[in-house]
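Below is coords.csv, which holds CSV, C-alpha atoms.
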chain,number,residue,atom,x,y,z
B,1,MET,CA,40.0,-43.5,-12.9
B,2,ALA,CA,36.4,-42.8,-13.6
B,3,ASN,CA,35.0,-42.3,-17.0
B,4,PHE,CA,31.8,-41.2,-18.7
B,5,ASN,CA,29.9,-44.1,-16.9
B,6,TYR,CA,30.5,-42.5,-13.5
B,7,LEU,CA,29.4,-39.1,-14.7
B,8,THR,CA,26.2,-40.6,-16.2
B,9,LEU,CA,25.7,-42.5,-12.9
B,10,ILE,CA,26.0,-39.4,-10.7
B,11,LEU,CA,23.8,-37.3,-13.0
B,12,PHE,CA,21.2,-40.1,-12.9
B,13,ILE,CA,21.3,-40.4,-9.1
B,14,HIS,CA,21.3,-36.6,-8.8
B,15,SER,CA,18.2,-36.3,-11.1
B,16,THR,CA,16.2,-39.2,-9.6
B,17,GLN,CA,16.9,-38.7,-5.9
B,18,TYR,CA,16.3,-35.0,-5.8
B,19,GLY,CA,13.5,-34.6,-8.3
B,20,MET,CA,15.4,-32.9,-11.0
B,21,LYS,CA,13.1,-32.6,-14.0
B,22,TYR,CA,15.8,-33.8,-16.4
B,23,ALA,CA,19.2,-35.4,-16.4
B,24,SER,CA,22.0,-34.3,-18.6
B,25,THR,CA,24.6,-36.6,-20.1
B,26,ARG,CA,26.3,-33.8,-21.9
B,27,SER,CA,30.0,-34.1,-22.6
B,28,LEU,CA,32.3,-32.6,-20.0
B,29,ASP,CA,34.0,-30.8,-22.8
B,30,SER,CA,30.9,-28.5,-23.1
B,31,THR,CA,31.5,-24.9,-22.4
B,32,THR,CA,28.5,-24.9,-20.1
B,33,SER,CA,29.4,-25.5,-16.5
B,34,LEU,CA,28.0,-28.6,-14.8
B,35,TYR,CA,26.8,-26.2,-12.1
B,36,SER,CA,24.0,-25.2,-14.5
B,37,PHE,CA,22.1,-28.3,-13.5
B,38,PRO,CA,21.0,-27.7,-9.8
B,39,ASP,CA,18.3,-29.9,-8.2
B,40,ASP,CA,15.4,-28.8,-6.1
B,41,LYS,CA,17.8,-28.4,-3.1
B,42,LYS,CA,20.0,-26.2,-5.3
B,43,GLN,CA,22.6,-28.9,-5.0
B,44,THR,CA,24.9,-29.4,-8.1
B,45,PRO,CA,26.2,-32.7,-9.4
B,46,LEU,CA,29.6,-31.9,-7.8
B,47,GLU,CA,28.0,-31.2,-4.5
B,48,GLY,CA,25.9,-34.5,-4.8
B,49,ALA,CA,29.1,-36.4,-5.5
B,50,ILE,CA,30.8,-34.8,-2.5
B,51,GLU,CA,27.8,-35.5,-0.2
B,52,ARG,CA,27.9,-39.2,-1.2
B,53,GLY,CA,31.7,-39.5,-0.9
B,54,LEU,CA,32.1,-40.4,-4.6
B,55,THR,CA,35.8,-39.5,-4.9
B,56,GLU,CA,36.3,-40.8,-8.4
B,57,VAL,CA,33.2,-38.8,-9.6
B,58,VAL,CA,34.5,-35.6,-8.0
B,59,TYR,CA,37.9,-36.2,-9.7
B,60,GLU,CA,36.2,-36.7,-13.0
B,61,LEU,CA,34.0,-33.6,-12.7
B,62,VAL,CA,36.8,-31.2,-11.6
B,63,SER,CA,39.5,-32.6,-13.9
B,64,LYS,CA,37.3,-32.0,-17.0
B,65,ASN,CA,36.0,-28.6,-15.8
B,66,PRO,CA,38.2,-27.1,-13.1
B,67,THR,CA,36.2,-23.9,-12.9
B,68,ILE,CA,33.4,-25.7,-11.1
B,69,VAL,CA,35.6,-25.9,-8.0
B,70,GLN,CA,35.6,-22.1,-7.6
B,71,GLU,CA,31.9,-21.4,-8.3
B,72,LYS,CA,29.5,-20.5,-5.5
B,73,ASN,CA,32.3,-19.1,-3.4
B,74,ASN,CA,34.0,-22.5,-3.2
B,75,ARG,CA,30.9,-24.1,-1.7
B,76,ALA,CA,32.3,-27.5,-2.6
B,77,CYS,CA,35.3,-26.8,-0.5
B,78,ARG,CA,33.2,-25.7,2.4
B,79,MET,CA,31.0,-28.8,2.2
B,80,THR,CA,34.1,-31.1,2.1
B,81,ALA,CA,35.7,-29.4,5.1
B,82,GLN,CA,32.5,-30.0,7.1
B,83,MET,CA,32.3,-33.7,6.0
B,84,ASN,CA,36.0,-34.4,6.9
B,85,ASP,CA,36.8,-36.0,3.5
B,86,MET,CA,40.6,-35.8,3.0
B,87,ALA,CA,40.7,-37.4,-0.4
B,88,ILE,CA,38.1,-35.1,-1.9
B,89,MET,CA,39.6,-32.1,-0.2
B,90,LYS,CA,43.0,-32.9,-1.8
B,91,ILE,CA,41.4,-33.1,-5.2
B,92,LEU,CA,39.6,-29.8,-4.7
B,93,LEU,CA,42.7,-28.0,-3.5
B,94,ALA,CA,44.7,-29.4,-6.4
B,95,TYR,CA,42.2,-27.9,-8.8
B,96,GLY,CA,42.1,-24.4,-7.3
B,97,ALA,CA,39.7,-24.4,-4.4
B,98,ASN,CA,40.4,-21.5,-2.0
B,99,PRO,CA,39.9,-22.5,1.6
B,100,LEU,CA,39.5,-18.8,2.6
B,101,ASP,CA,36.6,-17.9,0.2
B,102,LYS,CA,33.3,-17.5,1.9
B,103,PRO,CA,29.8,-16.2,1.1
B,104,LYS,CA,28.8,-12.7,2.4
B,105,LYS,CA,27.1,-14.3,5.4
B,106,GLY,CA,29.0,-17.4,6.3
B,107,PHE,CA,32.2,-19.1,7.0
B,108,SER,CA,35.2,-20.2,5.0
B,109,ALA,CA,36.3,-23.9,4.6
B,110,LEU,CA,39.1,-23.2,7.0
B,111,GLU,CA,36.6,-21.9,9.6
B,112,LEU,CA,34.3,-24.8,9.0
B,113,ALA,CA,36.9,-27.6,9.1
B,114,SER,CA,35.5,-30.4,11.3
B,115,SER,CA,38.7,-32.1,12.2
B,116,LYS,CA,42.3,-31.3,13.0
B,117,GLU,CA,43.5,-33.2,10.0
B,118,ILE,CA,41.4,-31.2,7.5
B,119,LYS,CA,42.4,-27.9,9.3
B,120,ALA,CA,46.1,-29.0,9.0
B,121,LEU,CA,45.7,-29.8,5.3
B,122,LEU,CA,44.1,-26.4,4.6
B,123,ASP,CA,46.8,-24.6,6.6
B,124,ASP,CA,49.6,-26.4,4.8
B,125,HIS,CA,47.9,-25.6,1.4
B,126,LEU,CA,47.7,-21.9,2.3
B,127,LYS,CA,51.4,-21.9,3.5
B,128,LYS,CA,52.5,-23.4,0.2
B,129,GLN,CA,50.4,-20.8,-1.7
B,130,ASN,CA,52.0,-18.0,0.2
B,131,GLU,CA,55.5,-19.3,-0.4
B,132,LYS,CA,54.7,-19.3,-4.2
B,133,ALA,CA,53.6,-15.7,-4.1

Please re-express this file's structure in structure tokens.
Amino acid sequence: MANFNYLTLILFIHSTQYGMKYASTRSLDSTTSLYSFPDDKKQTPLEGAIERGLTEVVYELVSKNPTIVQEKNNRACRMTAQMNDMAIMKILLAYGANPLDKPKKGFSALELASSKEIKALLDDHLKKQNEKA
């Protein structure tokens, strides 16, 4: 799987492509969320990795700090649903993304799902969650 080199790469791409004033190569073990480094588009490193389809980077980011999946009303999950990326969606769901979360004015990942496959994956995930409860 990915390692620190992938994290450094995504933060470098993130900082140079979107005009971020600085890049961070902080350890993922830091208590500060990686969401604390938005760019000028208010896009986080996780969102940048999702947008570029960097599955290994997404895995590395969420496996080291699972709470970033649930921040911003699961924005990462909603982005992934729209982009139709099954591999990344499976990672996000495994680390606690909730496909029903949505902002005050907006839609959930389930509502934004762009394909039947993503919608089926989200439905199956919700059914399994309900069975556990």

Spatial neighbours of range 69-73 of chain B, 8 Å, all atoms listed in the file, chain gap at least 6 places, as a ChimeraX atom specification: /B:35,62,92,95-98,101-103

Counting all atoms listed in the file, the option among B:Ala109, B:Ala133, B:Ile118, B:Met89 closest to Arg75 in chain B: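 Closest residue, counting all atoms listed in the file: B:Ala109.
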
Atomic separation - CA of Asp85 in chain B relative to CA of Glu117 in chain B, Å: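 Going from CA of Glu117 in chain B over to CA of Asp85 in chain B, I get 9.7 Å.
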
Point-to-point distance from CA of Phe107 in chain B to CA of Ala81 in chain B, Å rounded to tenths: 11.0 Å

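Nearest to Cys77 in chain B of all the residues B:Leu110, B:Glu131, B:Ala49, B:Glu60 is B:Leu110, counting all atoms listed in the file.
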
Interatomic distance (Å, one decimal) between CA of Gln82 in chain B and CA of Glu56 in chain B: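 Straight-line distance from CA of Gln82 in chain B to CA of Glu56 in chain B works out to 19.3 Å.
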
Shell of 10 Å around Met83 in chain B, only C-alpha atoms, local chain residues under 5 positions omitted, as a VMD selection string: chain B and resid 50 to 51 53 77 to 78 88 to 89 112 to 115 118
